[in-house]
file coords_19.cif (mmCIF, C-alpha atoms)
data_query
#
loop_
_atom_site.label_atom_id
_atom_site.label_comp_id
_atom_site.auth_asym_id
_atom_site.auth_seq_id
_atom_site.Cartn_x
_atom_site.Cartn_y
_atom_site.Cartn_z
CA MET A 707 93.72 74.52 115.95
CA SER A 708 91.58 71.53 114.94
CA GLN A 709 92.78 67.94 115.24
CA GLU A 710 92.61 67.59 111.47
CA HIS A 711 94.82 70.65 110.98
CA GLN A 712 97.29 69.40 113.60
CA THR A 713 97.53 66.02 111.87
CA LYS A 714 98.07 67.62 108.47
CA GLN A 715 100.82 69.82 109.89
CA ALA A 716 102.44 66.80 111.54
CA ILE A 717 102.43 64.97 108.20
CA ARG A 718 104.04 67.96 106.50
CA GLN A 719 106.76 68.30 109.14
CA SER A 720 107.49 64.58 109.18
CA ALA A 721 107.67 64.38 105.40
CA LYS A 722 109.88 67.46 105.23
CA ARG A 723 112.40 66.00 107.68
CA LEU A 724 112.44 62.63 105.95
CA PHE A 725 112.65 64.01 102.41
CA ALA A 726 115.52 66.31 103.42
CA ALA A 727 117.40 63.56 105.24
CA GLN A 728 116.83 60.57 102.94
CA GLY A 729 115.54 61.92 99.64
CA TYR A 730 112.01 61.76 98.28
CA HIS A 731 112.31 58.39 96.54
CA ALA A 732 113.75 56.66 99.60
CA VAL A 733 110.79 57.64 101.79
CA SER A 734 107.45 55.81 101.79
CA MET A 735 104.04 56.83 103.07
CA ARG A 736 104.56 54.17 105.75
CA ASP A 737 107.76 55.92 106.89
CA ILE A 738 105.92 59.24 107.17
CA ALA A 739 103.05 57.62 109.06
CA GLN A 740 105.36 55.82 111.49
CA ALA A 741 107.19 59.06 112.26
CA ILE A 742 103.97 60.58 113.62
CA GLY A 743 102.50 57.42 115.13
CA LYS A 744 99.74 56.95 112.56
CA GLN A 745 98.65 54.15 110.26
CA PRO A 746 99.63 54.70 106.59
CA GLY A 747 95.98 54.66 105.51
CA GLY A 748 95.27 57.66 107.73
CA LEU A 749 97.56 59.85 105.66
CA TYR A 750 95.31 59.53 102.64
CA ASN A 751 92.57 61.42 104.50
CA HIS A 752 94.84 64.48 104.19
CA PHE A 753 96.96 63.91 101.07
CA ALA A 754 96.10 61.85 98.02
CA SER A 755 99.67 60.61 97.58
CA LYS A 756 103.31 61.09 98.53
CA GLN A 757 103.60 63.27 95.42
CA ALA A 758 100.81 65.48 96.75
CA ILE A 759 102.77 65.99 99.97
CA LEU A 760 105.90 66.98 98.04
CA VAL A 761 103.99 69.46 95.89
CA ASP A 762 102.28 70.91 98.97
CA LEU A 763 105.64 71.38 100.73
CA MET A 764 107.26 73.05 97.73
CA VAL A 765 104.38 75.38 96.90
CA GLU A 766 103.92 76.35 100.56
CA ASN A 767 107.66 77.08 100.85
CA LEU A 768 107.58 79.39 97.85
CA LYS A 769 104.52 81.22 99.16
CA ARG A 770 106.21 81.76 102.53
CA ALA A 771 109.36 82.94 100.75
CA HIS A 772 107.27 85.43 98.77
CA ASP A 773 105.63 86.72 101.95
CA PHE A 774 109.01 87.05 103.69
CA VAL A 775 111.10 88.47 100.85
CA ILE A 776 108.88 90.06 98.19
CA ALA A 777 105.78 91.31 100.01
CA PRO A 778 107.67 93.70 102.37
CA LEU A 779 109.55 95.43 99.53
CA ASP A 780 108.70 99.13 99.27
CA ALA A 781 107.39 99.76 95.75
CA ALA A 782 108.33 103.43 96.10
CA ALA A 783 111.97 102.69 96.95
CA THR A 784 114.76 102.90 94.39
CA PRO A 785 115.77 99.68 92.58
CA GLU A 786 119.09 99.81 94.43
CA THR A 787 117.32 99.85 97.80
CA GLN A 788 114.93 97.11 96.68
CA LEU A 789 117.78 94.88 95.50
CA ASP A 790 119.63 95.42 98.78
CA ARG A 791 116.52 94.46 100.74
CA PHE A 792 115.74 91.49 98.49
CA VAL A 793 119.19 89.99 99.02
CA ARG A 794 119.08 90.46 102.80
CA GLN A 795 115.66 88.86 103.14
CA HIS A 796 116.42 86.07 100.66
CA VAL A 797 119.57 85.05 102.55
CA ALA A 798 117.77 85.25 105.91
CA TYR A 799 114.89 83.09 104.65
CA HIS A 800 117.25 80.46 103.27
CA ILE A 801 119.23 80.25 106.51
CA GLN A 802 116.05 79.95 108.57
CA ASN A 803 114.54 77.21 106.36
CA PRO A 804 117.34 74.84 105.29
CA GLU A 805 115.17 71.73 104.88
CA ASP A 806 112.65 73.56 102.69
CA ILE A 807 115.44 74.98 100.54
CA PHE A 808 117.19 71.62 100.19
CA ILE A 809 113.95 69.99 99.03
CA ALA A 810 113.21 72.89 96.67
CA TYR A 811 116.53 72.41 94.88
CA MET A 812 117.04 68.65 95.09
CA GLU A 813 113.53 67.33 94.57
CA LEU A 814 112.35 69.47 91.66
CA ARG A 815 113.29 66.48 89.50
CA SER A 816 110.91 64.27 91.53
CA LEU A 817 107.79 66.23 90.59
CA ASP A 818 105.33 64.83 88.07
CA SER A 819 104.23 67.12 85.23
CA ASP A 820 101.18 68.54 87.04
CA GLY A 821 103.13 69.15 90.24
CA ALA A 822 105.97 70.77 88.32
CA LYS A 823 103.55 73.22 86.70
CA LEU A 824 102.25 74.35 90.10
CA VAL A 825 105.69 74.70 91.64
CA LEU A 826 107.26 76.42 88.64
CA LYS A 827 104.37 78.90 88.52
CA GLU A 828 105.17 79.98 92.10
CA ARG A 829 108.91 79.96 91.46
CA ASP A 830 108.52 82.08 88.32
CA ALA A 831 106.47 84.64 90.27
CA TYR A 832 109.24 84.90 92.85
CA GLU A 833 111.96 85.21 90.21
CA ASN A 834 109.89 87.74 88.28
CA ALA A 835 109.86 90.09 91.28
CA LEU A 836 113.66 90.22 91.19
CA ARG A 837 113.63 90.51 87.40
CA MET A 838 111.40 93.57 87.62
CA ILE A 839 113.73 95.25 90.13
CA LEU A 840 116.62 94.70 87.73
CA HIS A 841 114.59 95.79 84.70
CA THR A 842 113.53 99.03 86.38
CA GLY A 843 117.08 99.75 87.52
CA ALA A 844 118.40 99.18 84.01
CA GLN A 845 115.66 101.32 82.46
CA ASN A 846 116.39 104.31 84.67
CA GLY A 847 120.16 104.00 84.34
CA GLN A 848 120.87 102.88 87.91
CA PHE A 849 121.95 99.39 86.88
CA THR A 850 124.24 98.19 84.13
CA LEU A 851 123.29 94.73 82.87
CA ALA A 852 122.60 93.00 79.58
CA ASP A 853 119.48 90.98 80.31
CA PRO A 854 117.35 91.26 83.50
CA ALA A 855 116.07 87.67 83.22
CA ILE A 856 119.54 86.15 82.93
CA HIS A 857 120.91 88.45 85.60
CA ALA A 858 118.08 87.54 87.98
CA ARG A 859 118.90 83.85 87.57
CA SER A 860 122.59 84.49 88.16
CA ILE A 861 121.88 86.38 91.40
CA LEU A 862 119.50 83.66 92.62
CA ALA A 863 122.07 80.99 91.79
CA MET A 864 124.71 82.89 93.77
CA LEU A 865 122.42 83.38 96.77
CA GLY A 866 121.03 79.84 96.72
CA GLY A 867 124.32 78.25 97.70
CA VAL A 868 124.41 79.78 101.16
CA THR A 869 122.54 76.91 102.84
CA VAL A 870 125.07 74.40 101.49
CA TRP A 871 128.08 75.80 103.30
CA TYR A 872 126.79 78.15 106.02
CA ARG A 873 127.45 77.01 109.58
CA GLU A 874 126.45 78.96 112.66
CA SER A 875 129.82 78.07 114.19
CA GLY A 876 131.76 79.36 111.16
CA LYS A 877 134.34 82.14 111.18
CA GLN A 878 132.03 84.74 109.68
CA SER A 879 128.82 85.90 111.29
CA LEU A 880 125.55 85.77 109.40
CA GLN A 881 125.61 89.56 109.17
CA GLU A 882 129.07 89.50 107.59
CA ILE A 883 127.98 86.85 105.11
CA THR A 884 124.84 88.78 104.25
CA GLU A 885 126.83 91.98 103.70
CA SER A 886 129.15 90.08 101.32
CA TYR A 887 126.17 88.88 99.31
CA VAL A 888 124.59 92.34 99.20
CA GLN A 889 127.90 93.80 98.04
CA ALA A 890 128.30 91.15 95.32
CA ALA A 891 124.74 91.61 94.06
CA LEU A 892 124.95 95.41 93.93
CA GLN A 893 128.38 95.42 92.32
CA SER A 894 127.17 92.90 89.73
CA VAL A 895 124.79 95.57 88.39
CA GLY A 896 127.32 98.39 88.63
CA SER A 897 125.80 99.89 91.76
CA THR A 898 127.61 101.23 94.79
CA TYR A 899 127.55 99.19 97.98
CA HIS A 900 127.03 100.92 101.32
CA ALA A 901 127.58 98.77 104.41
CA GLN A 902 124.63 98.65 106.78
CA ALA A 903 125.33 100.54 110.01
#
call {"tool": "encode", "arguments": {"input": "coords_19.cif", "output": "structure tokens"}}
result
Amino acid sequence: MSQEHQTKQAIRQSAKRLFAAQGYHAVSMRDIAQAIGKQPGGLYNHFASKQAILVDLMVENLKRAHDFVIAPLDAAATPETQLDRFVRQHVAYHIQNPEDIFIAYMELRSLDSDGAKLVLKERDAYENALRMILHTGAQNGQFTLADPAIHARSILAMLGGVTVWYRESGKQSLQEITESYVQAALQSVGSTYHAQA
């Protein structure tokens, strides 16, 4: 790994921690630079602005989420199986990346118009994958739902809250929580839930 790449990664990680802890508007380029022992001017060799760092973090998060959740889905599987797998992977990704998810939800409002277009394009692609699962299931009679687009948003809204309240030391294990979410998602489309062995 080159020194330039290491520095860019350090900037990303520092900014992610600071944005998640303090909020985007409360953090300056100087704060990010100090966190990695650099001069503020050095950051501009890697990112044109603080806004560019935020956009980079949010787009990169959505691409990783797509690779983790969407890419492994078996196109030949039934919509029921795909929805089950989507929910499991979505919950796992959120739990493993709490800072990224917090920034994705809380700092969308901090994006300028150009940044918002880039981020929303990636987010729409992710949402569309779930929408297509629901659409196919409804078309072949496996799912009962009124509108795949609205239903996709309702499922994502339900799943998105897990990082807010989940604690590793909580009463329920991550597996139990995941099973509850899978059950809720499948039952919301009129499908039968089968607990994972």
call {"tool": "resolve_selection", "arguments": {"input": "coords_19.cif", "expression": "the PyMOL selection byres ((chain A and resi 772) around 12)", "output": "PDB file with C-alpha atoms, in the coordinates of the input"}}
result
ATOM      1  CA  VAL A 765     104.380  75.380  96.900  1.00  0.00           C
ATOM      2  CA  GLU A 766     103.920  76.350 100.560  1.00  0.00           C
ATOM      3  CA  ASN A 767     107.660  77.080 100.850  1.00  0.00           C
ATOM      4  CA  LEU A 768     107.580  79.390  97.850  1.00  0.00           C
ATOM      5  CA  LYS A 769     104.520  81.220  99.160  1.00  0.00           C
ATOM      6  CA  ARG A 770     106.210  81.760 102.530  1.00  0.00           C
ATOM      7  CA  ALA A 771     109.360  82.940 100.750  1.00  0.00           C
ATOM      8  CA  ASP A 773     105.630  86.720 101.950  1.00  0.00           C
ATOM      9  CA  PHE A 774     109.010  87.050 103.690  1.00  0.00           C
ATOM     10  CA  VAL A 775     111.100  88.470 100.850  1.00  0.00           C
ATOM     11  CA  ILE A 776     108.880  90.060  98.190  1.00  0.00           C
ATOM     12  CA  ALA A 777     105.780  91.310 100.010  1.00  0.00           C
ATOM     13  CA  PRO A 778     107.670  93.700 102.370  1.00  0.00           C
ATOM     14  CA  LEU A 779     109.550  95.430  99.530  1.00  0.00           C
ATOM     15  CA  PHE A 792     115.740  91.490  98.490  1.00  0.00           C
ATOM     16  CA  GLN A 795     115.660  88.860 103.140  1.00  0.00           C
ATOM     17  CA  HIS A 796     116.420  86.070 100.660  1.00  0.00           C
ATOM     18  CA  TYR A 799     114.890  83.090 104.650  1.00  0.00           C
ATOM     19  CA  GLU A 828     105.170  79.980  92.100  1.00  0.00           C
ATOM     20  CA  ARG A 829     108.910  79.960  91.460  1.00  0.00           C
ATOM     21  CA  ASP A 830     108.520  82.080  88.320  1.00  0.00           C
ATOM     22  CA  ALA A 831     106.470  84.640  90.270  1.00  0.00           C
ATOM     23  CA  TYR A 832     109.240  84.900  92.850  1.00  0.00           C
ATOM     24  CA  GLU A 833     111.960  85.210  90.210  1.00  0.00           C
ATOM     25  CA  ASN A 834     109.890  87.740  88.280  1.00  0.00           C
ATOM     26  CA  ALA A 835     109.860  90.090  91.280  1.00  0.00           C
ATOM     27  CA  LEU A 836     113.660  90.220  91.190  1.00  0.00           C
TER      28      LEU A 836
END
call {"tool": "resolve_selection", "arguments": {"input": "coords_19.cif", "expression": "the PyMOL selection byres ((chain A and resi 721-725) around 10)", "output": "MDAnalysis selection string"}}
result
chainID A and resid 715:720 726:735 737:739 741:742 756 759:760 763:764 805:806 808:809 812:813
call {"tool": "resolve_selection", "arguments": {"input": "coords_19.cif", "expression": "the PyMOL selection byres ((chain A and resi 866-878) around 9)", "output": "compact mmCIF listing (two decimals) with C-alpha atoms, keeping the file's coordinate frame"}}
result
# COMPACT_ATOMS: atom_id res chain seq x y z
CA HIS A 796 116.42 86.07 100.66
CA VAL A 797 119.57 85.05 102.55
CA HIS A 800 117.25 80.46 103.27
CA ILE A 801 119.23 80.25 106.51
CA ASN A 803 114.54 77.21 106.36
CA PRO A 804 117.34 74.84 105.29
CA ILE A 807 115.44 74.98 100.54
CA PHE A 808 117.19 71.62 100.19
CA TYR A 811 116.53 72.41 94.88
CA ILE A 861 121.88 86.38 91.40
CA LEU A 862 119.50 83.66 92.62
CA ALA A 863 122.07 80.99 91.79
CA MET A 864 124.71 82.89 93.77
CA LEU A 865 122.42 83.38 96.77
CA SER A 879 128.82 85.90 111.29
CA LEU A 880 125.55 85.77 109.40
CA GLN A 881 125.61 89.56 109.17
CA GLU A 882 129.07 89.50 107.59
CA ILE A 883 127.98 86.85 105.11
call {"tool": "atom_distance", "arguments": {"input": "coords_19.cif", "atom1": "atom CA of A:Leu892", "atom2": "atom CA of A:Phe849"}}
result
8.6 Å
call {"tool": "closest_residue", "arguments": {"input": "coords_19.cif", "among": "A:Ala855, A:Ala754, A:Leu814, A:Leu789", "to": "A:Gln893", "atoms": "only C-alpha atoms"}}
result
A:Leu789
call {"tool": "atom_distance", "arguments": {"input": "coords_19.cif", "atom1": "atom CA of A:Asp762", "atom2": "atom CA of A:Arg736"}}
result
18.2 Å
call {"tool": "atom_distance", "arguments": {"input": "coords_19.cif", "atom1": "atom CA of A:Ala844", "atom2": "atom CA of A:Val825"}}
result
28.6 Å
call {"tool": "closest_residue", "arguments": {"input": "coords_19.cif", "among": "A:Thr884, A:Thr787, A:Ser894, A:Ser819", "to": "A:Pro854", "atoms": "only C-alpha atoms"}}
result
A:Ser894
call {"tool": "closest_residue", "arguments": {"input": "coords_19.cif", "among": "A:Gln757, A:Leu840, A:Gly748, A:Asp853", "to": "A:Ser897", "atoms": "all atoms listed in the file"}}
result
A:Leu840
call {"tool": "axis_aligned_box", "arguments": {"input": "coords_19.cif", "around": "stretch 752-755 of chain A", "padding_each_side": "6 Å", "output": "JSON"}}
result
{"center_x": 97.3, "center_y": 62.5, "center_z": 100.9, "size_x": 16.8, "size_y": 15.9, "size_z": 18.6}
call {"tool": "closest_residue", "arguments": {"input": "coords_19.cif", "among": "A:Asp790, A:Val761, A:Met838, A:Ala798", "to": "A:Leu817", "atoms": "only C-alpha atoms"}}
result
A:Val761
call {"tool": "closest_residue", "arguments": {"input": "coords_19.cif", "among": "A:Thr784, A:Gln802, A:Ser860, A:Thr713", "to": "A:Gly847", "atoms": "only C-alpha atoms"}}
result
A:Thr784
call {"tool": "residues_around", "arguments": {"input": "coords_19.cif", "residues": "A:Ala901", "least_positions_apart": "2", "cutoff": "9 Å", "atoms": "only C-alpha atoms", "output": "list of chain:residue names"}}
result
A:Glu885, A:Val888, A:Gln889, A:Tyr899, A:Ala903
